[in-house]
Amino acid sequence: MATRFSVPGRHGSTKAPGETRVVRTTDSPNCTGACGWLATVVDDVIVDLKPAADYPCTEYNPRGCLRGMAMTHLIYGPDRVKKPLIRTGERGEGKWREASWDEALDYIADKMIHIRDTYGPESMLLFNQVVGTGYVQKGAQVRMAALLGMSFATAYDFNGDISMGFTHTMGIDCVECETKSWGHAKTAILWSSNVFQTRIPDAKFLTTVAKQRNNCKIIVIDPRCSQTAKGADLWAPIHPGTDGLLALSMCFTVLEGGWVDWEFLRKYTDVCTLIREDNGQRLRASDVGMGTDMEFMVWDETTDSLAKLPTESLKLPEGLKPSFRGTQTVTIGGNQVKVTPVFQTLEDTIMRDEYKPEIVAKTCDIPAETIREIAKEYALNRPSSIIIGMGVNHRLHGDLTIRSILLLSALVGAHGKPGESVSIYSGQHHFRLDVSKWWFPDGKRPNGVPMHYFVMGEPTTTINPKIKYPKNGFKALFVSHGNPLVTEFSTPLKEAIDKLELFVTIDFSMSPTCDYSDVVLPAPTFWEKKELVGTSCHPYLQIQQEVVPPQYDSRTELWMVKEIVRRVDPTLFKEMDFEEPDIIDMMLASGGKEVAGITYEQLEKGPVRLNVHDPEVGCDEQFLEDKLFPPRAYPFPEGAQREFLKTGRMEFYKEEDVFRQFGEAIPIFKPAFSHLPVEDQKLPLSIVTPHSKWRVHSTHSNNRVLLNLNRGAVVEINPRDAAVRGIRDGDPVEIFNYNGSYKLWALLTETIKPGVLCVDHGWWDRYLGGGKYHSVHTHQKVKATHENYYLPAVYAPGQHWKDTRVDVRSVK
Amino acid sequence: MAKMSMLIDLTRCIGCDACTVACKQENGTPMDVFFARVLNVESGTYPNVKRLYIPVLCNHCEVPACLKACPNKAIVKRHDGIVLIDQDRCRGTGACVSACPYGNIILQESELWYLNEDEPYERDNVKPRLNSGVARKCTYCAHRVDEGLDPACVVACPTTARIFGDLDDPNGKLRMYMKEQQDETNRDPFCLLPEAGTKPSGRYLGPMASQNVSTLGQAAQPEVFEEATP
């Protein structure tokens, strides 16, 4: 805690006056770090934030970072939304009038009633960010949407945080170990992951623990010499978009080296299941009169006959030895059909010359001996971990890349132990408890529609039939805890917003998204409201306290939705009439085994570890308890994911027609930019947009303390690329392509690969030299293999922001 | 007598600037004033580039050049080794700023702040704690040390890269850590610019990561396909 003494001199120091109290709380920003803090409060002003450092597992202490600490300058910052605002000019013109809450809420409610009665309630869309970090307040908004029959777009998939490669393989959109587990690794591959900037509170498990205690070999694969490369033993500056090829080439090396963990493959994966030559489907027990169509067949080497994989457990029966290779002929409905194990197809494909390190080297720009070395370290220097960064995933074929990385991990069996996992800490859709009771009144869910279709203005021809696109289109949008007009490609999003009758933004800072709204409602920061907070980074559940009351004229989200429901449909108000402590109690009581026995009173005293393994290694129930994949994705019921992972094992063969139609039944490499129009492909530069140390997405873009440390909006460019364009360090420049352009300043640096530009993610437009951040990104597109099932934020379309190509020029 | 000192382990440091912000908050410094900076070093030519973060702060030297230089005798060295600039005695001559071989003393003619003037956070809680027009620097958070606490930058460091203690205490945590690292990771502590002759108390341990680079060294060229594929 802060001492509040002045700088001491010859005569000691004096303590500042004022009533002082210290509050233990946690924050819940979109980094999902959920760090514990001690806030020093003087006369109801937060004057100091220091890490609480009170986690029972002391290795986690202290948690916190510069962004968390600098939050005071947003709480009291000049951009704070202090009163409800109603637009008086054109959208984005910046003309507002301050309104009372009654006036603003009546205005919104009147519009909502009109839209509901004219177009149907599903024409109103809620889009709130990172619901997994705030179960009470963000949940209240979802509950309102459910009660009123509104549509709900999960931000997770629109952000591109959803990792469909994980869903295709593991049946869940992301898998993480708790970060403490990193400390056990002897080999750690950071695959475009920059944890020194993006996971500051957790980075110690790589440096202080893994490196210092185990002399862990840390390998960074990244086109930039990222900040994390500072801590690496090997940096491989890969050509952007070729990560999947590198992964498959490492698979080649593992197969060639004979470093395969056969028992792992037999037990945890589908590679021994048999694929029918006649229709490309898996051979089922029902095909051969041995059981149901949800039981899958393998060839047993022990008995030299067909056998079923167990459906109750991953554990194989005594004596069963599924075969990896060889085609068999079986009789199906009187016909002779050839069947081949998945592994045979994988091996035949991967062992082709195109995946040989010597061939791959030039495309990836990594020497063949290095590819072999990384693969060997990963396979043999155990435990070994992979942490995937979002740059890999933000590509149209990022799903294939992640499937390839997961294949590599499965071949060597690098899962299920401390220090062994493939983790992607993407945006936190990983709910720590079942929130259904609060979020979905009497089981009623809002109408789930991915935001992609809102932006595109219509459904695709391949849209999943489960998605009910509103028959009259969208007429209202509510954005909360987010700033999509900065963090997403803003031009088409603005065009979609222009068609709306109502656009409401709920925020504490007057963001560029607020600037474009019809009504802005002032929200409290996470220092001014009670919340139940979980994260996938660490397994502690925490209560966020109302350290100071909601500042200025802000009100909690719970209060806001109560007041809206009261106005729009008073008969439903009783369904919303709860206070935060009741809601937390309700969720703890119905939250499932992870929170069984955890009480509100315990949480009020400090962080409480969930009922999970120590350390959590990712897919613990599968790897440690032999339960079938996939791990349950809260808040969906058990079994909801089964349809897209029918074998209950890590699937490296996807049998659905759409995968075979696109040649993606097994993980293969597809060039990143090949789906772009030819003139885009010809643009000379690619661009990466990593998260910056000074921001959480676009939050803190306007934090004056962090701006004081930051160097302004720059594009990192290699001096060779700059020289041919006549660009000098510090010059104003414009990044452009066929989609748009924006201006900023050049930063010449040797830390970036020639041919690649780098601009930190999340700059508010006003800090640029002109134009809109994100305006050079690719147009919205949905991959059909992301549409063949739908489970919001678990099986849903991803994003491909990084697939854009650009050029840069000097501007005078 | 003690010799308070800070050891910074460059293997642990991730260059996150948490120390810088914690220091600003604890000491309420104005815009552009940073007692605890982190130097971001990039060296070499692509692809053979290396990065290093070097956190720097007042070294609380045994023979402080600033103390000798001050014409107003405003700088004192306490019995525990902490070097302080007396805010009441300093006349802002800037002699110490010129004398410090590390560039760790800051003197501003006027101050700029971060928030609107009517915000109580700065108006009531930050600005009153500092005198204007005087030289300022890191005090090792002497006001915290006097309360038995570690400096703000130490408690806020998320990688525990900063270790604060008495360099003269053979059984203290500082010496213990140095010994442990000599034994286990074969690293010896060093200080910055020993040739300046001020006998700094600050110590560093070097980075362990080998930072090799492996690439064919080509530029990322566009690859053009005849037509877009789905």
# chains A, B, ... in the order shown; residues from 1 in each chain; ligands from 1
>>> select_by_dssp(residues="segment 535-712 of chain A", states="strand (DSSP E)", output="ChimeraX atom specification")
/A:540-546,608-609,685-688
>>> write_last_selection(atoms="N, CA and C atoms", output="mmCIF file, in the first residue's frame")
data_model
loop_
_atom_site.group_PDB
_atom_site.id
_atom_site.type_symbol
_atom_site.label_atom_id
_atom_site.label_comp_id
_atom_site.auth_asym_id
_atom_site.auth_seq_id
_atom_site.Cartn_x
_atom_site.Cartn_y
_atom_site.Cartn_z
ATOM 1 N N TYR A 540 -7.729 -18.609 -9.840
ATOM 2 C CA TYR A 540 -8.316 -17.987 -8.652
ATOM 3 C C TYR A 540 -9.568 -17.211 -9.020
ATOM 4 N N LEU A 541 -10.600 -17.432 -8.226
ATOM 5 C CA LEU A 541 -11.829 -16.677 -8.365
ATOM 6 C C LEU A 541 -11.727 -15.501 -7.409
ATOM 7 N N GLN A 542 -12.161 -14.314 -7.859
ATOM 8 C CA GLN A 542 -12.002 -13.132 -7.020
ATOM 9 C C GLN A 542 -13.233 -12.243 -7.110
ATOM 10 N N ILE A 543 -13.428 -11.464 -6.069
ATOM 11 C CA ILE A 543 -14.482 -10.456 -6.103
ATOM 12 C C ILE A 543 -13.849 -9.105 -6.357
ATOM 13 N N GLN A 544 -14.426 -8.423 -7.308
ATOM 14 C CA GLN A 544 -14.022 -7.053 -7.583
ATOM 15 C C GLN A 544 -14.910 -6.149 -6.733
ATOM 16 N N GLN A 545 -14.280 -5.252 -5.983
ATOM 17 C CA GLN A 545 -15.036 -4.433 -5.042
ATOM 18 C C GLN A 545 -15.395 -3.074 -5.629
ATOM 19 N N GLU A 546 -16.448 -2.525 -5.074
ATOM 20 C CA GLU A 546 -16.751 -1.127 -5.377
ATOM 21 C C GLU A 546 -15.832 -0.298 -4.479
ATOM 22 N N VAL A 608 -9.772 -17.156 -4.063
ATOM 23 C CA VAL A 608 -10.013 -18.557 -3.700
ATOM 24 C C VAL A 608 -9.729 -19.427 -4.920
ATOM 25 N N ARG A 609 -8.898 -20.440 -4.721
ATOM 26 C CA ARG A 609 -8.560 -21.324 -5.836
ATOM 27 C C ARG A 609 -9.758 -22.198 -6.186
ATOM 28 N N LEU A 685 4.134 -5.370 -49.223
ATOM 29 C CA LEU A 685 4.424 -5.545 -47.800
ATOM 30 C C LEU A 685 3.291 -6.254 -47.073
ATOM 31 N N SER A 686 3.661 -7.023 -46.058
ATOM 32 C CA SER A 686 2.631 -7.518 -45.139
ATOM 33 C C SER A 686 2.730 -6.712 -43.854
ATOM 34 N N ILE A 687 1.732 -6.847 -43.011
ATOM 35 C CA ILE A 687 1.677 -6.005 -41.819
ATOM 36 C C ILE A 687 1.273 -6.865 -40.628
ATOM 37 N N VAL A 688 1.923 -6.609 -39.503
ATOM 38 C CA VAL A 688 1.517 -7.263 -38.254
ATOM 39 C C VAL A 688 1.081 -6.172 -37.274
#
>>> residues_around(residues="Gly36 of chain A", least_positions_apart="4", cutoff="10 Å", atoms="only C-alpha atoms", output="list in words")
Arg24, Thr25, Thr26, Asp27, Ser28, Leu49, Lys50, Pro51, Ala52, Ala53, Asp54, Tyr55, Asn61, Pro62, Arg63, Gly64, Gly68, Tyr540, Gln542, Ile543, Gln544, Gly606 and Pro607 of chain A
>>> write_last_selection(atoms="N, CA and C atoms", output="CSV table (one decimal), in the first residue's frame")
chain,number,residue,atom,x,y,z
A,24,ARG,N,-8.9,-4.3,-0.8
A,24,ARG,CA,-8.4,-5.4,-1.7
A,24,ARG,C,-9.4,-5.7,-2.7
A,25,THR,N,-9.0,-5.6,-4.0
A,25,THR,CA,-9.9,-5.9,-5.1
A,25,THR,C,-9.2,-6.5,-6.2
A,26,THR,N,-9.9,-6.8,-7.3
A,26,THR,CA,-9.2,-7.2,-8.6
A,26,THR,C,-9.8,-6.4,-9.7
A,27,ASP,N,-9.0,-6.3,-10.8
A,27,ASP,CA,-9.5,-5.6,-11.9
A,27,ASP,C,-10.0,-6.6,-12.9
A,28,SER,N,-10.7,-6.1,-14.0
A,28,SER,CA,-11.2,-7.1,-15.0
A,28,SER,C,-11.1,-6.5,-16.4
A,49,LEU,N,-2.4,2.4,-6.4
A,49,LEU,CA,-2.7,1.0,-6.6
A,49,LEU,C,-1.4,0.2,-6.6
A,50,LYS,N,-1.4,-0.8,-5.7
A,50,LYS,CA,-0.2,-1.7,-5.7
A,50,LYS,C,-0.7,-3.2,-5.7
A,51,PRO,N,0.1,-4.0,-6.3
A,51,PRO,CA,-0.3,-5.4,-6.3
A,51,PRO,C,-0.6,-6.0,-4.9
A,52,ALA,N,-1.7,-6.7,-4.8
A,52,ALA,CA,-2.1,-7.3,-3.5
A,52,ALA,C,-1.1,-8.3,-3.1
A,53,ALA,N,-0.5,-9.1,-4.0
A,53,ALA,CA,0.5,-10.1,-3.8
A,53,ALA,C,0.0,-11.0,-2.6
A,54,ASP,N,-1.3,-11.4,-2.7
A,54,ASP,CA,-1.8,-12.3,-1.6
A,54,ASP,C,-2.3,-13.6,-2.1
A,55,TYR,N,-1.9,-14.0,-3.3
A,55,TYR,CA,-2.3,-15.3,-3.8
A,55,TYR,C,-1.7,-16.4,-2.9
A,61,ASN,N,2.7,-14.2,-6.9
A,61,ASN,CA,2.9,-12.9,-6.4
A,61,ASN,C,4.2,-12.2,-6.9
A,62,PRO,N,4.2,-10.9,-7.2
A,62,PRO,CA,3.0,-10.1,-7.4
A,62,PRO,C,2.4,-10.2,-8.8
A,63,ARG,N,1.1,-10.0,-8.9
A,63,ARG,CA,0.5,-9.8,-10.2
A,63,ARG,C,0.2,-8.4,-10.4
A,64,GLY,N,0.3,-7.9,-11.7
A,64,GLY,CA,0.0,-6.5,-12.0
A,64,GLY,C,0.9,-6.0,-13.1
A,68,GLY,N,-2.5,-1.7,-15.4
A,68,GLY,CA,-3.4,-1.8,-14.2
A,68,GLY,C,-3.1,-0.6,-13.3
A,540,TYR,N,-7.7,-18.6,-9.8
A,540,TYR,CA,-8.3,-18.0,-8.7
A,540,TYR,C,-9.6,-17.2,-9.0
A,542,GLN,N,-12.2,-14.3,-7.9
A,542,GLN,CA,-12.0,-13.1,-7.0
A,542,GLN,C,-13.2,-12.2,-7.1
A,543,ILE,N,-13.4,-11.5,-6.1
A,543,ILE,CA,-14.5,-10.5,-6.1
A,543,ILE,C,-13.8,-9.1,-6.4
A,544,GLN,N,-14.4,-8.4,-7.3
A,544,GLN,CA,-14.0,-7.1,-7.6
A,544,GLN,C,-14.9,-6.1,-6.7
A,606,GLY,N,-10.5,-12.7,0.1
A,606,GLY,CA,-9.4,-12.8,-0.8
A,606,GLY,C,-9.6,-13.8,-1.9
A,607,PRO,N,-8.6,-14.0,-2.7
A,607,PRO,CA,-8.7,-15.0,-3.9
A,607,PRO,C,-8.9,-16.4,-3.4
>>> select_by_dssp(residues="segment 340-565 of chain A", states="alpha helix (DSSP H)", output="VMD selection string")
chain A and resid 342 to 350 357 to 364 368 to 380 390 to 393 398 to 412 436 to 439 451 to 456 484 to 487 490 to 498 512 to 515 557 to 565
>>> residues_around(residues="Ser151 of chain A", least_positions_apart="2", cutoff="8 Å", atoms="only C-alpha atoms", output="list of chain:residue names")
A:Pro121, A:Glu122, A:Ser123, A:Met124, A:Leu125, A:Leu126, A:Ala145, A:Ala146, A:Gly149, A:Ala153, A:Pro446, A:Asn447, A:Gly448, A:Val449
>>> write_last_selection(atoms="C-alpha atoms", output="mmCIF file, in the first residue's frame")
data_model
loop_
_atom_site.group_PDB
_atom_site.id
_atom_site.type_symbol
_atom_site.label_atom_id
_atom_site.label_comp_id
_atom_site.auth_asym_id
_atom_site.auth_seq_id
_atom_site.Cartn_x
_atom_site.Cartn_y
_atom_site.Cartn_z
ATOM 1 C CA PRO A 121 -37.131 -7.889 -30.831
ATOM 2 C CA GLU A 122 -34.429 -9.910 -32.616
ATOM 3 C CA SER A 123 -33.670 -6.797 -34.692
ATOM 4 C CA MET A 124 -31.938 -5.395 -31.595
ATOM 5 C CA LEU A 125 -28.381 -6.626 -31.184
ATOM 6 C CA LEU A 126 -26.197 -6.676 -28.064
ATOM 7 C CA ALA A 145 -31.169 -9.560 -24.176
ATOM 8 C CA ALA A 146 -32.557 -12.999 -23.337
ATOM 9 C CA GLY A 149 -35.802 -11.666 -27.084
ATOM 10 C CA ALA A 153 -23.307 -11.330 -30.885
ATOM 11 C CA PRO A 446 -30.807 -14.601 -26.526
ATOM 12 C CA ASN A 447 -30.836 -15.145 -30.292
ATOM 13 C CA GLY A 448 -27.177 -15.829 -31.123
ATOM 14 C CA VAL A 449 -25.964 -14.202 -34.343
#
>>> residues_around(residues="Val224 of chain B", least_positions_apart="3", cutoff="10 Å", atoms="only C-alpha atoms", output="number ranges by chain")
A: 673-674, 676-683; B: 221, 227-228
>>> write_last_selection(atoms="N, CA and C atoms", output="PDB file, in the first residue's frame")
ATOM      1  N   PHE A 673      -2.052 -15.568 -48.295  1.00  0.00           N
ATOM      2  CA  PHE A 673      -2.657 -14.468 -49.053  1.00  0.00           C
ATOM      3  C   PHE A 673      -3.369 -14.943 -50.319  1.00  0.00           C
ATOM      4  N   SER A 674      -3.433 -16.267 -50.507  1.00  0.00           N
ATOM      5  CA  SER A 674      -3.929 -16.786 -51.776  1.00  0.00           C
ATOM      6  C   SER A 674      -5.415 -16.506 -51.990  1.00  0.00           C
ATOM      7  N   LEU A 676      -6.806 -13.613 -51.506  1.00  0.00           N
ATOM      8  CA  LEU A 676      -7.024 -12.193 -51.803  1.00  0.00           C
ATOM      9  C   LEU A 676      -7.121 -11.973 -53.310  1.00  0.00           C
ATOM     10  N   PRO A 677      -7.785 -10.881 -53.715  1.00  0.00           N
ATOM     11  CA  PRO A 677      -7.758 -10.541 -55.138  1.00  0.00           C
ATOM     12  C   PRO A 677      -6.303 -10.362 -55.601  1.00  0.00           C
ATOM     13  N   VAL A 678      -6.051 -10.669 -56.864  1.00  0.00           N
ATOM     14  CA  VAL A 678      -4.668 -10.695 -57.353  1.00  0.00           C
ATOM     15  C   VAL A 678      -3.966  -9.352 -57.144  1.00  0.00           C
ATOM     16  N   GLU A 679      -4.683  -8.239 -57.337  1.00  0.00           N
ATOM     17  CA  GLU A 679      -4.000  -6.949 -57.178  1.00  0.00           C
ATOM     18  C   GLU A 679      -3.573  -6.717 -55.718  1.00  0.00           C
ATOM     19  N   ASP A 680      -4.328  -7.275 -54.766  1.00  0.00           N
ATOM     20  CA  ASP A 680      -3.925  -7.190 -53.358  1.00  0.00           C
ATOM     21  C   ASP A 680      -2.689  -8.045 -53.098  1.00  0.00           C
ATOM     22  N   GLN A 681      -2.692  -9.235 -53.696  1.00  0.00           N
ATOM     23  CA  GLN A 681      -1.556 -10.137 -53.495  1.00  0.00           C
ATOM     24  C   GLN A 681      -0.256  -9.484 -53.939  1.00  0.00           C
ATOM     25  N   LYS A 682      -0.351  -8.613 -54.938  1.00  0.00           N
ATOM     26  CA  LYS A 682       0.863  -8.022 -55.510  1.00  0.00           C
ATOM     27  C   LYS A 682       1.443  -6.901 -54.652  1.00  0.00           C
ATOM     28  N   LEU A 683       0.680  -6.391 -53.692  1.00  0.00           N
ATOM     29  CA  LEU A 683       1.212  -5.324 -52.837  1.00  0.00           C
ATOM     30  C   LEU A 683       2.451  -5.840 -52.105  1.00  0.00           C
TER      31      LEU A 683
ATOM     32  N   GLN B 221       8.773 -11.511 -49.527  1.00  0.00           N
ATOM     33  CA  GLN B 221       8.312 -11.037 -50.840  1.00  0.00           C
ATOM     34  C   GLN B 221       6.862 -11.447 -51.067  1.00  0.00           C
ATOM     35  N   GLU B 227      -5.140 -16.612 -59.505  1.00  0.00           N
ATOM     36  CA  GLU B 227      -6.438 -16.069 -59.117  1.00  0.00           C
ATOM     37  C   GLU B 227      -6.725 -16.430 -57.663  1.00  0.00           C
ATOM     38  N   ALA B 228      -7.592 -15.656 -57.066  1.00  0.00           N
ATOM     39  CA  ALA B 228      -7.913 -15.892 -55.665  1.00  0.00           C
ATOM     40  C   ALA B 228      -8.595 -17.248 -55.509  1.00  0.00           C
TER      41      ALA B 228
END
>>> closest_residue(among="B:Leu205, B:Ala69, B:Ala219, B:Met4", to="chain A", atoms="only C-alpha atoms")
B:Ala219
>>> interface_residues(of="chain B", to="chain A", cutoff="6 Å", atoms="only C-alpha atoms", output="list in words")
Arg12, Ile14, Ala18, Val21, Thr45, Tyr46, Arg51, Asp86, Tyr114, Leu115, Arg129, Pro158, Thr159, Ala209, Ser210, Gln211, Asn212, Val213, Ser214, Thr215, Leu216, Ala219, Ala220, Pro222, Val224, Glu227, Ala228, Thr229 and Pro230 of chain B
>>> residues_around(residues="segment 632-648 of chain A", least_positions_apart="3", cutoff="9 Å", atoms="only C-alpha atoms", output="MDAnalysis selection string")
chainID A and resid 167:173 268:270 273 294:296 309 311 313:314 429:436 439 627:629 651 654 788:789 791 794:795
>>> write_last_selection(atoms="C-alpha atoms", output="mmCIF file, in the first residue's frame")
data_model
loop_
_atom_site.group_PDB
_atom_site.id
_atom_site.type_symbol
_atom_site.label_atom_id
_atom_site.label_comp_id
_atom_site.auth_asym_id
_atom_site.auth_seq_id
_atom_site.Cartn_x
_atom_site.Cartn_y
_atom_site.Cartn_z
ATOM 1 C CA THR A 167 -12.475 -26.283 -32.052
ATOM 2 C CA HIS A 168 -11.890 -28.528 -35.060
ATOM 3 C CA THR A 169 -9.295 -30.558 -33.186
ATOM 4 C CA MET A 170 -10.266 -30.471 -29.504
ATOM 5 C CA GLY A 171 -13.952 -29.490 -29.728
ATOM 6 C CA ILE A 172 -13.348 -26.315 -27.723
ATOM 7 C CA ASP A 173 -12.296 -22.902 -28.977
ATOM 8 C CA TYR A 268 -6.099 -39.385 -27.174
ATOM 9 C CA THR A 269 -6.509 -38.939 -30.924
ATOM 10 C CA ASP A 270 -8.582 -40.142 -33.847
ATOM 11 C CA THR A 273 -10.017 -44.483 -36.748
ATOM 12 C CA MET A 294 -21.566 -42.727 -32.654
ATOM 13 C CA GLU A 295 -19.111 -45.586 -32.100
ATOM 14 C CA PHE A 296 -15.960 -45.594 -34.206
ATOM 15 C CA LEU A 309 -13.100 -47.384 -29.596
ATOM 16 C CA THR A 311 -17.228 -44.257 -25.806
ATOM 17 C CA SER A 313 -13.600 -43.228 -21.462
ATOM 18 C CA LEU A 314 -10.412 -42.534 -23.351
ATOM 19 C CA HIS A 429 -14.082 -17.130 -23.558
ATOM 20 C CA HIS A 430 -13.040 -19.724 -21.040
ATOM 21 C CA PHE A 431 -15.715 -19.366 -18.373
ATOM 22 C CA ARG A 432 -14.649 -20.630 -14.992
ATOM 23 C CA LEU A 433 -18.138 -21.557 -13.860
ATOM 24 C CA ASP A 434 -21.546 -22.208 -15.278
ATOM 25 C CA VAL A 435 -23.194 -18.787 -15.354
ATOM 26 C CA SER A 436 -26.423 -20.021 -16.972
ATOM 27 C CA TRP A 439 -27.473 -15.197 -17.712
ATOM 28 C CA LYS A 627 -12.794 -38.279 -19.869
ATOM 29 C CA LEU A 628 -13.690 -37.988 -23.551
ATOM 30 C CA PHE A 629 -12.976 -34.728 -25.378
ATOM 31 C CA GLU A 651 -9.516 -35.087 -34.409
ATOM 32 C CA LYS A 654 -12.622 -33.887 -40.298
ATOM 33 C CA ASN A 788 -21.113 -26.191 -40.633
ATOM 34 C CA TYR A 789 -22.039 -26.115 -36.938
ATOM 35 C CA LEU A 791 -22.353 -22.833 -30.944
ATOM 36 C CA VAL A 794 -17.243 -22.136 -29.580
ATOM 37 C CA TYR A 795 -18.021 -23.107 -33.159
#
>>> residues_around(residues="segment 142-154 of chain B", least_positions_apart="3", cutoff="6 Å", atoms="only C-alpha atoms", output="MDAnalysis selection string")
chainID B and resid 19 22:23 139 157 162
>>> residues_around(residues="Phe503 of chain A", least_positions_apart="3", cutoff="8 Å", atoms="only C-alpha atoms", output="PyMOL selection string")
chain A and resi 476-479+497+500+517-519
>>> atom_distance(atom1="atom CA of Ser193 of chain A", atom2="atom CA of His394 of chain A")
12.6 Å
>>> closest_residue(among="A:Glu495, A:Glu420, A:Glu621, A:Asp614", to="Val455 of chain A", atoms="only C-alpha atoms")
A:Glu495
>>> closest_residue(among="B:Glu180, B:Ile54, B:Ala135, B:Asp124", to="Gly206 of chain B", atoms="only C-alpha atoms")
B:Ile54
